[in-house]
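Colleague: Structure file run05.csv (CSV, C-alpha atoms) is given on the next line.
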chain,number,residue,atom,x,y,z
A,1,MET,CA,-47.6,130.5,49.8
A,2,GLU,CA,-46.7,133.9,51.2
A,3,CYS,CA,-45.1,136.1,48.7
A,4,VAL,CA,-42.8,138.9,49.7
A,5,PHE,CA,-40.4,140.8,47.5
A,6,GLY,CA,-38.7,144.1,47.2
A,7,LEU,CA,-36.2,146.2,45.3
A,8,VAL,CA,-34.1,149.3,45.5
A,9,GLY,CA,-34.5,152.2,43.0
A,10,ASP,CA,-33.1,155.7,42.5
A,11,GLY,CA,-33.5,157.3,46.0
A,12,PHE,CA,-36.2,154.9,47.1
A,13,ALA,CA,-36.9,151.3,48.1
A,14,ILE,CA,-40.1,149.3,47.4
A,15,LEU,CA,-41.6,146.3,49.2
A,16,ALA,CA,-44.5,144.3,48.1
A,17,ALA,CA,-46.3,141.5,50.0
A,18,ASP,CA,-49.4,139.4,49.5
A,19,THR,CA,-52.2,140.1,51.9
A,20,SER,CA,-53.7,136.7,52.6
A,21,ALA,CA,-53.9,135.3,56.1
A,22,VAL,CA,-54.2,131.6,55.6
A,23,HIS,CA,-54.8,128.6,58.0
A,24,SER,CA,-54.5,125.3,56.2
A,25,ILE,CA,-57.1,125.4,53.5
A,26,LEU,CA,-59.0,128.4,54.9
A,27,VAL,CA,-58.3,132.0,53.9
A,28,HIS,CA,-59.1,134.0,57.1
A,29,LYS,CA,-58.8,137.4,55.5
A,30,SER,CA,-57.4,138.8,52.3
A,31,ASN,CA,-56.4,142.2,53.5
A,32,GLU,CA,-53.7,141.4,56.1
A,33,ASP,CA,-51.0,144.0,56.0
A,34,LYS,CA,-47.6,142.2,56.2
A,35,ILE,CA,-45.5,145.2,55.7
A,36,MET,CA,-44.9,147.1,58.9
A,37,VAL,CA,-43.8,150.7,59.1
A,38,LEU,CA,-40.9,150.3,61.5
A,39,ASP,CA,-40.2,154.0,61.9
A,40,SER,CA,-40.4,157.1,59.8
A,41,HIS,CA,-38.0,155.9,57.2
A,42,LYS,CA,-38.0,152.1,57.5
A,43,LEU,CA,-40.3,149.3,56.3
A,44,VAL,CA,-40.2,145.6,57.3
A,45,ALA,CA,-42.0,143.0,55.2
A,46,ALA,CA,-42.2,139.7,57.0
A,47,SER,CA,-43.3,136.3,56.0
A,48,GLY,CA,-43.6,133.1,58.0
A,49,GLU,CA,-45.4,131.7,61.0
A,50,PRO,CA,-48.3,134.3,61.6
A,51,GLY,CA,-47.8,134.5,65.4
A,52,ASP,CA,-44.1,134.9,65.2
A,53,ARG,CA,-44.4,137.3,62.3
A,54,VAL,CA,-46.5,139.8,64.3
A,55,GLN,CA,-44.8,139.3,67.7
A,56,PHE,CA,-41.3,139.5,66.3
A,57,THR,CA,-41.8,142.5,64.1
A,58,GLU,CA,-43.7,144.4,66.8
A,59,PHE,CA,-40.8,143.6,69.2
A,60,ILE,CA,-38.3,145.0,66.7
A,61,GLN,CA,-40.5,148.1,66.1
A,62,LYS,CA,-40.7,148.8,69.8
A,63,ASN,CA,-37.0,148.4,70.4
A,64,VAL,CA,-36.2,150.7,67.5
A,65,ALA,CA,-38.5,153.3,69.0
A,66,LEU,CA,-36.9,152.8,72.4
A,67,TYR,CA,-33.4,153.4,71.0
A,68,GLN,CA,-34.7,156.7,69.5
A,69,PHE,CA,-36.3,157.7,72.8
A,70,ARG,CA,-33.1,156.9,74.8
A,71,ASN,CA,-30.6,158.4,72.4
A,72,GLY,CA,-32.5,161.1,70.6
A,73,ILE,CA,-31.5,159.9,67.2
A,74,PRO,CA,-33.0,157.2,65.0
A,75,LEU,CA,-31.2,154.0,64.1
A,76,THR,CA,-29.8,153.7,60.6
A,77,THR,CA,-31.2,151.0,58.4
A,78,ALA,CA,-28.0,148.9,58.7
A,79,ALA,CA,-28.1,149.2,62.4
A,80,ALA,CA,-31.8,148.1,62.6
A,81,ALA,CA,-31.1,145.2,60.3
A,82,ASN,CA,-28.1,144.1,62.3
A,83,PHE,CA,-30.2,144.4,65.5
A,84,THR,CA,-32.9,142.3,63.9
A,85,ARG,CA,-30.3,139.7,62.8
A,86,GLY,CA,-28.9,139.6,66.3
A,87,GLU,CA,-32.3,138.9,67.9
A,88,LEU,CA,-33.0,136.1,65.4
A,89,ALA,CA,-29.5,134.6,65.9
A,90,SER,CA,-29.7,134.5,69.7
A,91,ALA,CA,-33.1,133.0,69.6
A,92,LEU,CA,-32.1,130.5,66.9
A,93,ARG,CA,-30.7,127.8,69.2
A,94,LYS,CA,-33.2,128.4,72.0
A,95,ASN,CA,-36.6,129.3,70.7
A,96,PRO,CA,-36.4,130.2,67.0
A,97,TYR,CA,-38.6,132.6,65.3
A,98,ALA,CA,-39.9,131.3,61.9
A,99,VAL,CA,-40.0,134.7,60.2
A,100,ASN,CA,-38.2,135.8,57.0
A,101,ILE,CA,-37.7,139.6,56.8
A,102,LEU,CA,-37.0,142.1,54.1
A,103,MET,CA,-36.0,145.4,55.6
A,104,ALA,CA,-36.1,148.5,53.5
A,105,GLY,CA,-35.0,151.9,54.6
A,106,TYR,CA,-33.8,155.3,53.6
A,107,ASP,CA,-30.9,157.1,55.3
A,108,LYS,CA,-29.9,160.7,54.5
A,109,GLU,CA,-26.2,159.8,54.3
A,110,THR,CA,-26.3,156.5,52.4
A,111,GLY,CA,-29.6,156.6,50.5
A,112,PRO,CA,-32.0,153.7,50.1
A,113,SER,CA,-31.0,150.1,51.1
A,114,LEU,CA,-32.7,146.7,51.3
A,115,TYR,CA,-31.6,143.9,53.7
A,116,TYR,CA,-32.5,140.2,53.2
A,117,ILE,CA,-32.8,138.5,56.6
A,118,ASP,CA,-33.5,134.8,56.6
A,119,TYR,CA,-35.4,133.0,59.5
A,120,ILE,CA,-32.1,131.5,60.5
A,121,ALA,CA,-30.5,135.0,60.7
A,122,THR,CA,-28.6,135.0,57.5
A,123,MET,CA,-28.3,138.7,56.6
A,124,HIS,CA,-27.2,140.2,53.3
A,125,LYS,CA,-27.6,143.7,51.8
A,126,VAL,CA,-29.2,143.2,48.4
A,127,ASP,CA,-30.7,145.3,45.5
A,128,LYS,CA,-33.5,142.9,45.0
A,129,GLY,CA,-34.9,140.1,47.2
A,130,ALA,CA,-37.8,137.8,47.7
A,131,PHE,CA,-39.2,135.1,50.0
A,132,GLY,CA,-41.6,132.2,49.6
A,133,TYR,CA,-42.8,130.3,46.6
A,134,GLY,CA,-43.4,133.6,44.8
A,135,SER,CA,-39.7,134.2,44.9
A,136,TYR,CA,-39.2,131.7,42.1
A,137,PHE,CA,-41.2,134.0,39.8
A,138,SER,CA,-40.5,137.4,41.2
A,139,LEU,CA,-36.7,136.9,41.4
A,140,SER,CA,-36.5,135.7,37.9
A,141,MET,CA,-38.6,138.6,36.7
A,142,MET,CA,-36.4,141.1,38.6
A,143,ASP,CA,-33.3,139.5,37.3
A,144,ARG,CA,-34.5,140.1,33.8
A,145,HIS,CA,-35.9,143.6,34.1
A,146,TYR,CA,-34.1,145.2,37.1
A,147,HIS,CA,-31.3,147.8,36.6
A,148,SER,CA,-29.8,150.1,39.2
A,149,GLY,CA,-31.3,153.6,39.4
A,150,MET,CA,-34.9,152.7,38.3
A,151,THR,CA,-37.5,155.4,38.6
A,152,VAL,CA,-40.6,154.9,40.7
A,153,GLU,CA,-42.7,154.3,37.6
A,154,GLU,CA,-40.2,151.7,36.3
A,155,ALA,CA,-40.1,150.0,39.7
A,156,ILE,CA,-43.9,149.8,40.1
A,157,ASP,CA,-44.1,148.5,36.6
A,158,LEU,CA,-41.6,145.7,37.5
A,159,VAL,CA,-43.5,145.0,40.7
A,160,ASP,CA,-46.7,144.7,38.7
A,161,LYS,CA,-45.0,142.3,36.3
A,162,CYS,CA,-43.9,140.2,39.2
A,163,ILE,CA,-47.5,140.2,40.7
A,164,ILE,CA,-48.9,139.2,37.3
A,165,GLU,CA,-46.4,136.4,37.1
A,166,ILE,CA,-47.2,135.1,40.6
A,167,ARG,CA,-50.9,135.3,39.9
A,168,SER,CA,-50.7,133.4,36.7
A,169,ARG,CA,-48.1,130.8,37.5
A,170,LEU,CA,-48.4,130.0,41.3
A,171,VAL,CA,-50.9,127.2,41.9
A,172,VAL,CA,-52.5,128.7,45.1
A,173,ALA,CA,-51.6,132.3,44.2
A,174,PRO,CA,-52.6,135.0,46.7
A,175,PRO,CA,-55.1,137.4,45.0
A,176,ASN,CA,-54.2,140.6,46.7
A,177,PHE,CA,-51.0,142.5,47.3
A,178,VAL,CA,-49.9,145.7,49.1
A,179,ILE,CA,-47.1,147.8,47.9
A,180,LYS,CA,-45.2,150.2,50.2
A,181,ILE,CA,-42.4,152.6,49.4
A,182,VAL,CA,-39.7,154.4,51.5
A,183,ASP,CA,-37.8,157.4,50.2
A,184,LYS,CA,-36.4,160.7,51.6
A,185,ASP,CA,-40.0,161.8,52.4
A,186,GLY,CA,-40.6,158.7,54.6
A,187,ALA,CA,-42.2,155.3,54.6
A,188,ARG,CA,-45.7,155.0,53.4
A,189,GLU,CA,-48.3,152.8,51.6
A,190,TYR,CA,-48.1,153.2,47.9
A,191,ALA,CA,-50.9,151.1,46.5
A,192,TRP,CA,-53.0,147.9,46.8
A,193,ARG,CA,-53.4,145.4,43.9
A,194,GLU,CA,-56.6,143.7,44.6
A,195,SER,CA,-58.3,141.1,42.4
A,196,VAL,CA,-60.6,139.8,45.1
A,197,LYS,CA,-62.4,142.2,47.4
A,198,ASP,CA,-64.1,141.0,50.6
A,199,ALA,CA,-67.8,140.4,50.2
A,200,HIS,CA,-70.0,143.3,51.3
A,201,VAL,CA,-71.6,142.6,54.7
A,202,ALA,CA,-74.9,144.2,55.3
A,203,SER,CA,-75.0,146.2,58.5
A,204,ALA,CA,-77.1,145.0,61.4
B,1,MET,CA,-29.2,117.7,52.3
B,2,SER,CA,-26.7,118.3,55.0
B,3,ILE,CA,-26.9,121.5,57.0
B,4,PHE,CA,-23.3,122.2,56.0
B,5,GLU,CA,-24.5,122.4,52.4
B,6,TYR,CA,-27.5,124.7,53.0
B,7,ASN,CA,-25.8,127.9,51.8
B,8,GLY,CA,-22.9,126.6,49.7
B,9,SER,CA,-19.3,127.8,49.9
B,10,ALA,CA,-15.8,127.3,48.7
B,11,LEU,CA,-12.6,128.4,50.4
B,12,VAL,CA,-9.0,127.9,49.8
B,13,ALA,CA,-5.7,129.3,51.3
B,14,MET,CA,-2.3,128.7,49.8
B,15,VAL,CA,1.2,129.5,50.9
B,16,GLY,CA,3.8,131.2,48.8
B,17,LYS,CA,7.2,132.7,49.2
B,18,ASN,CA,6.8,135.1,52.2
B,19,CYS,CA,3.2,135.6,51.2
B,20,PHE,CA,-0.1,133.8,51.2
B,21,ALA,CA,-3.3,133.8,49.2
B,22,ILE,CA,-6.9,133.2,50.5
B,23,ALA,CA,-9.8,132.9,48.1
B,24,SER,CA,-13.5,132.2,48.2
B,25,ASP,CA,-16.5,132.0,45.9
B,26,ARG,CA,-19.2,134.6,46.0
B,27,ARG,CA,-22.5,132.7,46.0
B,28,LEU,CA,-25.0,133.0,48.8
B,29,GLY,CA,-27.7,130.4,48.2
B,30,VAL,CA,-30.6,128.8,50.1
B,31,GLN,CA,-30.3,125.2,48.9
B,32,LEU,CA,-31.1,125.3,45.2
B,33,GLN,CA,-32.0,129.1,45.0
B,34,THR,CA,-29.3,131.7,44.6
B,35,ILE,CA,-29.9,134.8,46.8
B,36,ALA,CA,-26.8,136.9,46.1
B,37,THR,CA,-23.7,136.8,44.0
B,38,ASP,CA,-21.6,139.2,46.1
B,39,PHE,CA,-21.4,137.5,49.4
B,40,LYS,CA,-18.2,138.0,51.4
B,41,ARG,CA,-16.8,134.9,53.1
B,42,ILE,CA,-13.3,136.2,53.9
B,43,TYR,CA,-12.7,138.8,56.6
B,44,LYS,CA,-9.7,140.8,57.6
B,45,ILE,CA,-8.8,140.5,61.3
B,46,HIS,CA,-5.7,142.7,61.0
B,47,ASP,CA,-3.3,143.6,58.1
B,48,ARG,CA,-1.5,140.3,58.4
B,49,LEU,CA,-4.4,137.9,59.3
B,50,PHE,CA,-7.4,136.8,57.4
B,51,VAL,CA,-10.1,134.3,58.2
B,52,GLY,CA,-12.5,132.7,55.8
B,53,LEU,CA,-15.7,131.1,57.1
B,54,SER,CA,-17.5,128.4,55.1
B,55,GLY,CA,-20.6,126.5,56.0
B,56,LEU,CA,-23.9,127.9,57.3
B,57,ALA,CA,-23.9,131.7,56.6
B,58,THR,CA,-25.7,132.7,59.8
B,59,ASP,CA,-23.2,130.9,62.0
B,60,ALA,CA,-20.3,132.3,59.9
B,61,GLN,CA,-21.7,135.8,60.5
B,62,THR,CA,-22.2,135.1,64.3
B,63,LEU,CA,-18.7,133.5,64.6
B,64,TYR,CA,-17.1,136.4,62.7
B,65,GLN,CA,-18.7,138.9,65.1
B,66,ARG,CA,-17.4,136.9,68.1
B,67,LEU,CA,-13.9,136.6,66.7
B,68,VAL,CA,-13.6,140.3,65.9
B,69,PHE,CA,-14.8,141.1,69.4
B,70,ARG,CA,-12.2,138.8,71.0
B,71,HIS,CA,-9.5,140.2,68.8
B,72,LYS,CA,-10.3,143.8,69.6
B,73,LEU,CA,-10.3,143.0,73.3
B,74,TYR,CA,-6.9,141.3,72.8
B,75,GLN,CA,-5.6,144.4,71.0
B,76,LEU,CA,-6.7,146.6,73.9
B,77,ARG,CA,-5.1,144.4,76.5
B,78,GLU,CA,-1.9,143.4,74.8
B,79,GLU,CA,-1.5,146.6,72.7
B,80,ARG,CA,-0.6,144.5,69.6
B,81,ASP,CA,-2.2,142.3,67.0
B,82,MET,CA,-2.7,138.6,67.5
B,83,LYS,CA,-0.3,136.2,65.9
B,84,PRO,CA,-1.9,133.8,63.4
B,85,GLU,CA,-1.0,130.7,65.5
B,86,THR,CA,-2.6,132.3,68.6
B,87,PHE,CA,-5.7,133.3,66.6
B,88,ALA,CA,-6.1,129.7,65.3
B,89,SER,CA,-6.0,128.5,68.9
B,90,LEU,CA,-8.6,131.1,69.8
B,91,VAL,CA,-10.9,130.0,67.0
B,92,SER,CA,-10.5,126.3,68.0
B,93,ALA,CA,-11.3,127.1,71.6
B,94,ILE,CA,-14.4,129.1,70.7
B,95,LEU,CA,-15.7,126.3,68.4
B,96,TYR,CA,-15.1,123.6,71.0
B,97,GLU,CA,-17.0,125.6,73.6
B,98,LYS,CA,-20.0,124.6,71.6
B,99,ARG,CA,-19.0,121.0,71.3
B,100,PHE,CA,-22.6,119.6,71.8
B,101,GLY,CA,-24.4,122.3,69.8
B,102,PRO,CA,-21.7,123.5,67.4
B,103,TYR,CA,-21.4,126.4,65.0
B,104,ILE,CA,-22.0,124.9,61.5
B,105,CYS,CA,-18.8,126.5,60.2
B,106,GLN,CA,-15.5,125.5,58.9
B,107,PRO,CA,-12.9,128.3,59.2
B,108,VAL,CA,-9.8,128.8,57.1
B,109,ILE,CA,-7.2,130.9,58.8
B,110,ALA,CA,-4.3,132.5,56.9
B,111,GLY,CA,-1.7,135.0,58.2
B,112,LEU,CA,1.9,136.1,58.2
B,113,GLY,CA,3.6,135.1,61.5
B,114,ASP,CA,7.0,136.0,62.9
B,115,GLU,CA,9.7,136.9,60.3
B,116,ASP,CA,6.9,137.1,57.7
B,117,LYS,CA,6.5,133.4,57.6
B,118,PRO,CA,3.1,132.5,56.1
B,119,PHE,CA,0.8,130.4,58.3
B,120,ILE,CA,-2.4,128.6,57.2
B,121,CYS,CA,-4.7,126.3,58.9
B,122,THR,CA,-8.2,125.0,58.7
B,123,MET,CA,-10.4,123.2,61.3
B,124,ASP,CA,-13.7,121.3,61.4
B,125,SER,CA,-16.8,122.7,63.0
B,126,ILE,CA,-15.7,121.6,66.5
B,127,GLY,CA,-12.2,123.1,66.4
B,128,ALA,CA,-9.9,120.2,65.3
B,129,LYS,CA,-7.0,122.1,63.8
B,130,GLU,CA,-5.4,121.0,60.6
B,131,LEU,CA,-2.1,122.8,60.0
B,132,ALA,CA,-0.6,122.5,56.5
B,133,LYS,CA,2.5,123.7,54.8
B,134,ASP,CA,1.1,124.1,51.4
B,135,PHE,CA,-2.7,124.7,51.1
B,136,VAL,CA,-6.0,124.2,53.0
B,137,VAL,CA,-9.5,124.0,51.7
B,138,ALA,CA,-13.0,124.1,53.0
B,139,GLY,CA,-16.6,124.3,51.9
B,140,THR,CA,-19.0,122.3,49.6
B,141,ALA,CA,-16.3,122.3,46.8
B,142,SER,CA,-13.6,121.0,49.1
B,143,GLU,CA,-13.1,117.7,47.4
B,144,SER,CA,-12.6,119.3,44.0
B,145,LEU,CA,-10.4,121.9,45.6
B,146,TYR,CA,-8.1,119.3,47.2
B,147,GLY,CA,-7.5,117.8,43.7
B,148,ALA,CA,-7.0,121.0,41.9
B,149,CYS,CA,-4.6,122.5,44.5
B,150,GLU,CA,-2.6,119.3,44.8
B,151,ALA,CA,-2.1,119.3,41.0
B,152,MET,CA,-1.3,123.0,40.7
B,153,PHE,CA,0.7,123.7,43.8
B,154,LYS,CA,4.4,124.5,43.7
B,155,LEU,CA,6.7,125.5,46.5
B,156,ASP,CA,7.9,129.1,47.0
B,157,MET,CA,5.7,130.8,44.5
B,158,GLU,CA,5.9,134.6,44.1
B,159,PRO,CA,2.7,136.6,44.7
B,160,GLU,CA,1.8,136.9,41.1
B,161,GLU,CA,2.2,133.3,40.3
B,162,LEU,CA,0.4,132.4,43.6
B,163,PHE,CA,-2.5,134.5,42.5
B,164,GLU,CA,-2.8,132.7,39.2
B,165,THR,CA,-2.5,129.3,40.8
B,166,VAL,CA,-5.1,130.0,43.5
B,167,SER,CA,-7.5,131.5,41.0
B,168,GLN,CA,-7.3,128.6,38.6
B,169,ALA,CA,-7.7,126.0,41.3
B,170,LEU,CA,-10.7,127.9,42.8
B,171,LEU,CA,-12.5,128.5,39.5
B,172,ALA,CA,-11.9,124.9,38.3
B,173,SER,CA,-13.3,123.5,41.5
B,174,ILE,CA,-16.3,125.7,41.9
B,175,ASP,CA,-17.3,125.0,38.3
B,176,ARG,CA,-17.9,121.4,39.4
B,177,ASP,CA,-20.0,122.3,42.4
B,178,CYS,CA,-23.5,123.5,41.9
B,179,LEU,CA,-23.7,125.1,45.4
B,180,SER,CA,-20.7,127.4,45.0
B,181,GLY,CA,-19.7,129.8,42.2
B,182,TRP,CA,-20.6,133.2,40.7
B,183,GLY,CA,-17.0,134.3,40.6
B,184,GLY,CA,-14.2,134.4,43.1
B,185,HIS,CA,-12.7,136.8,45.6
B,186,VAL,CA,-8.9,136.5,46.0
B,187,TYR,CA,-6.7,138.2,48.6
B,188,VAL,CA,-2.9,138.0,48.1
B,189,VAL,CA,-1.1,139.2,51.2
B,190,THR,CA,2.6,140.1,51.3
B,191,PRO,CA,4.4,141.8,54.2
B,192,THR,CA,4.0,145.1,52.4
B,193,GLU,CA,0.6,145.1,50.8
B,194,ILE,CA,-2.8,143.4,50.5
B,195,LYS,CA,-4.1,142.8,47.0
B,196,GLU,CA,-7.8,142.1,46.7
B,197,ARG,CA,-9.1,140.9,43.3
B,198,ILE,CA,-12.5,139.8,42.0
B,199,LEU,CA,-12.5,136.9,39.5
B,200,LYS,CA,-15.1,136.4,36.9
B,201,GLY,CA,-15.8,132.8,36.3
B,202,ARG,CA,-18.8,130.9,35.0
B,203,MET,CA,-21.7,133.0,36.3
B,204,ASP,CA,-23.9,130.1,37.1
Can I see the file as structure tokens?
Modeller:
Amino acid sequence: MECVFGLVGDGFAILAADTSAVHSILVHKSNEDKIMVLDSHKLVAASGEPGDRVQFTEFIQKNVALYQFRNGIPLTTAAAANFTRGELASALRKNPYAVNILMAGYDKETGPSLYYIDYIATMHKVDKGAFGYGSYFSLSMMDRHYHSGMTVEEAIDLVDKCIIEIRSRLVVAPPNFVIKIVDKDGAREYAWRESVKDAHVASA
Amino acid sequence: MSIFEYNGSALVAMVGKNCFAIASDRRLGVQLQTIATDFKRIYKIHDRLFVGLSGLATDAQTLYQRLVFRHKLYQLREERDMKPETFASLVSAILYEKRFGPYICQPVIAGLGDEDKPFICTMDSIGAKELAKDFVVAGTASESLYGACEAMFKLDMEPEELFETVSQALLASIDRDCLSGWGGHVYVVTPTEIKERILKGRMD
């Protein structure tokens, strides 16, 4: 029931993901950050098998950093997305990763971009994308309200609309979401949308 | 559902008078859900050779990368472009290499050979070539496409009439297939120019 979605606006890209870490019927934690800051101007939102999700995204993050160390310049978003697709594709027929990825980035020359990368390494550059059961609601919401060149306020409003839809219509809806944004000033956390906070634990 | 029908696709190539047309639909889906409506299935290998890849999108992308690599290497060694017949044999060999773990892909190859004679062929996922003098089809809408092309095809069509014929055959067929659609992408190639056109059909 993991919900991940994102969209591209005017000079920025936004990713939103639920923050529940679930094992069968148990919610281990509800503040698990599934959107990784890949480098200064890239975000990766991943959904899927928890072990694969963390291991694979960290692997991509470290390789992107290695490229920058070796070559002195950072990878473009397209290059990072293609590298990620290549790793998923070569593992596909040996030891597949069960991770779906939305990669958002900002490049000085080309502006913001969003890449949809399936767990079987289908890659496509999109303006809006989503994974999981939540995608049935968030994609429809975005199809209705999205237009190119949205401002940050309009985009956050649309993200909130999608979250409300997921919360009200998905049977085991995740309560909390994290929203991250990437623009010319870099990749950073924008906001949390929490409807359930962890219970306060008294200190020992 | 068969793995060949996971993403959905429709491809057709048709022969005209010293020209050929190759056309595809534009939908990228994940079973019942549509992910994108601008997915490219047809790739240019060189100015007189195009290849369309239907089937599983991830394998189509991987196969395309391998084919471009092989063709660029050929260009470096031979200092010329590959002939369509040669390219078809190359694709067939690459597919058969994976005989017991194949690429889930059905290519359609179209090109202008010696003396500007148009060449088209298709093959199955393990490289069995099917040469044709009139038209070849592939994808989830292939059965409809066979019927539509058989009914509309005429010998020695000029580029403009060929474009009309291919477009009508493609749109009629993809309208009957739920997994392909969202418009069409048509290339009409003559010895002097490549005309690329986007069709607007039933956007569903």
Colleague: Distance limit 10 Å, atoms considered: only C-alpha atoms. Which chain B residues sit that close to chain A? Return them as a list in words.
Modeller: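 Close enough to count are Asn7, Leu28, Val30, Gln33, Thr34, Ile35, Ala36, Thr37, Asp38, Phe39, Lys40, Leu56, Ala57, Thr58, Asp59, Ala60, Gln61, Thr62 and Gly101 of chain B.
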Colleague: Could you tell me how far CA of His185 in chain B lies from CA of Gly52 in chain B, in Å and to one decimal?
Modeller: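 These atoms are spaced 11.0 Å apart.
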Colleague: Which one of A:Asp143, A:Ser113, A:Glu153, A:Gly132 sits closest to Ile166 in chain A if you count all atoms listed in the file?
Modeller: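 With all atoms listed in the file as the atom set, the closest residue is A:Gly132.
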Colleague: Using all atoms listed in the file, which protein or nucleic acid residues come within 9 Å of Gln168 in chain B? Drop anything in the same chain fewer than 6 positions from it, and give the result as a ChimeraX atom specification.
Modeller: /B:148-149,152
Colleague: Considering all atoms listed in the file, return as number ranges by chain whatever protein or nucleic-acid residues lie within 12 Å of Thr77 in chain A, sequence-local ones (same chain, fewer than 5 positions apart) excluded.
Modeller: A: 13, 38-44, 64, 82-84, 102-115, 125, 182
Colleague: Interatomic distance between CA of Thr122 in chain B and CA of Lys72 in chain B?
Modeller: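 Separation between CA of Thr122 in chain B and CA of Lys72 in chain B: 21.8 Å.
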Colleague: Please compute the CA of Val152 in chain A-CA of Trp182 in chain B distance, one decimal, in Å.
Modeller: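 Value for the CA of Val152 in chain A-CA of Trp182 in chain B distance: 29.5 Å.
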Colleague: List every protein, DNA or RNA residue that has at least one atom no more than 12 Å from (-39.6, 156.1, 44.5) in the file's coordinates, counting all atoms listed in the file, and write the result as number ranges by chain.
Modeller: A: 7-15, 105-106, 111-112, 149-157, 179-190
Colleague: Okay, now the selection with C-alpha atoms, as a PDB file, in the coordinates of the input?
Modeller:
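The resulting file, out-v9.pdb, is reproduced below:
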ATOM      1  CA  LEU A   7     -36.200 146.200  45.300  1.00  0.00           C
ATOM      2  CA  VAL A   8     -34.100 149.300  45.500  1.00  0.00           C
ATOM      3  CA  GLY A   9     -34.500 152.200  43.000  1.00  0.00           C
ATOM      4  CA  ASP A  10     -33.100 155.700  42.500  1.00  0.00           C
ATOM      5  CA  GLY A  11     -33.500 157.300  46.000  1.00  0.00           C
ATOM      6  CA  PHE A  12     -36.200 154.900  47.100  1.00  0.00           C
ATOM      7  CA  ALA A  13     -36.900 151.300  48.100  1.00  0.00           C
ATOM      8  CA  ILE A  14     -40.100 149.300  47.400  1.00  0.00           C
ATOM      9  CA  LEU A  15     -41.600 146.300  49.200  1.00  0.00           C
ATOM     10  CA  GLY A 105     -35.000 151.900  54.600  1.00  0.00           C
ATOM     11  CA  TYR A 106     -33.800 155.300  53.600  1.00  0.00           C
ATOM     12  CA  GLY A 111     -29.600 156.600  50.500  1.00  0.00           C
ATOM     13  CA  PRO A 112     -32.000 153.700  50.100  1.00  0.00           C
ATOM     14  CA  GLY A 149     -31.300 153.600  39.400  1.00  0.00           C
ATOM     15  CA  MET A 150     -34.900 152.700  38.300  1.00  0.00           C
ATOM     16  CA  THR A 151     -37.500 155.400  38.600  1.00  0.00           C
ATOM     17  CA  VAL A 152     -40.600 154.900  40.700  1.00  0.00           C
ATOM     18  CA  GLU A 153     -42.700 154.300  37.600  1.00  0.00           C
ATOM     19  CA  GLU A 154     -40.200 151.700  36.300  1.00  0.00           C
ATOM     20  CA  ALA A 155     -40.100 150.000  39.700  1.00  0.00           C
ATOM     21  CA  ILE A 156     -43.900 149.800  40.100  1.00  0.00           C
ATOM     22  CA  ASP A 157     -44.100 148.500  36.600  1.00  0.00           C
ATOM     23  CA  ILE A 179     -47.100 147.800  47.900  1.00  0.00           C
ATOM     24  CA  LYS A 180     -45.200 150.200  50.200  1.00  0.00           C
ATOM     25  CA  ILE A 181     -42.400 152.600  49.400  1.00  0.00           C
ATOM     26  CA  VAL A 182     -39.700 154.400  51.500  1.00  0.00           C
ATOM     27  CA  ASP A 183     -37.800 157.400  50.200  1.00  0.00           C
ATOM     28  CA  LYS A 184     -36.400 160.700  51.600  1.00  0.00           C
ATOM     29  CA  ASP A 185     -40.000 161.800  52.400  1.00  0.00           C
ATOM     30  CA  GLY A 186     -40.600 158.700  54.600  1.00  0.00           C
ATOM     31  CA  ALA A 187     -42.200 155.300  54.600  1.00  0.00           C
ATOM     32  CA  ARG A 188     -45.700 155.000  53.400  1.00  0.00           C
ATOM     33  CA  GLU A 189     -48.300 152.800  51.600  1.00  0.00           C
ATOM     34  CA  TYR A 190     -48.100 153.200  47.900  1.00  0.00           C
TER      35      TYR A 190
END
Colleague: Give me, as an MDAnalysis selection string, all polymer residues having an atom no more than 8 Å from Ser9 in chain B, counting all atoms listed in the file and skipping those fewer than 4 positions away in the same chain.
Modeller: chainID B and resid 5 24:28 54:55 138:141 179:181
Colleague: From the set A:Ala204, A:Met1, A:Ile101, A:Ile164, which residue has the shortest atom-to-atom contact distance to Met36 in chain A, counting only C-alpha atoms?
Modeller: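 Of A:Ala204, A:Met1, A:Ile101, A:Ile164, the one nearest Met36 in chain A, counting only C-alpha atoms, is A:Ile101.
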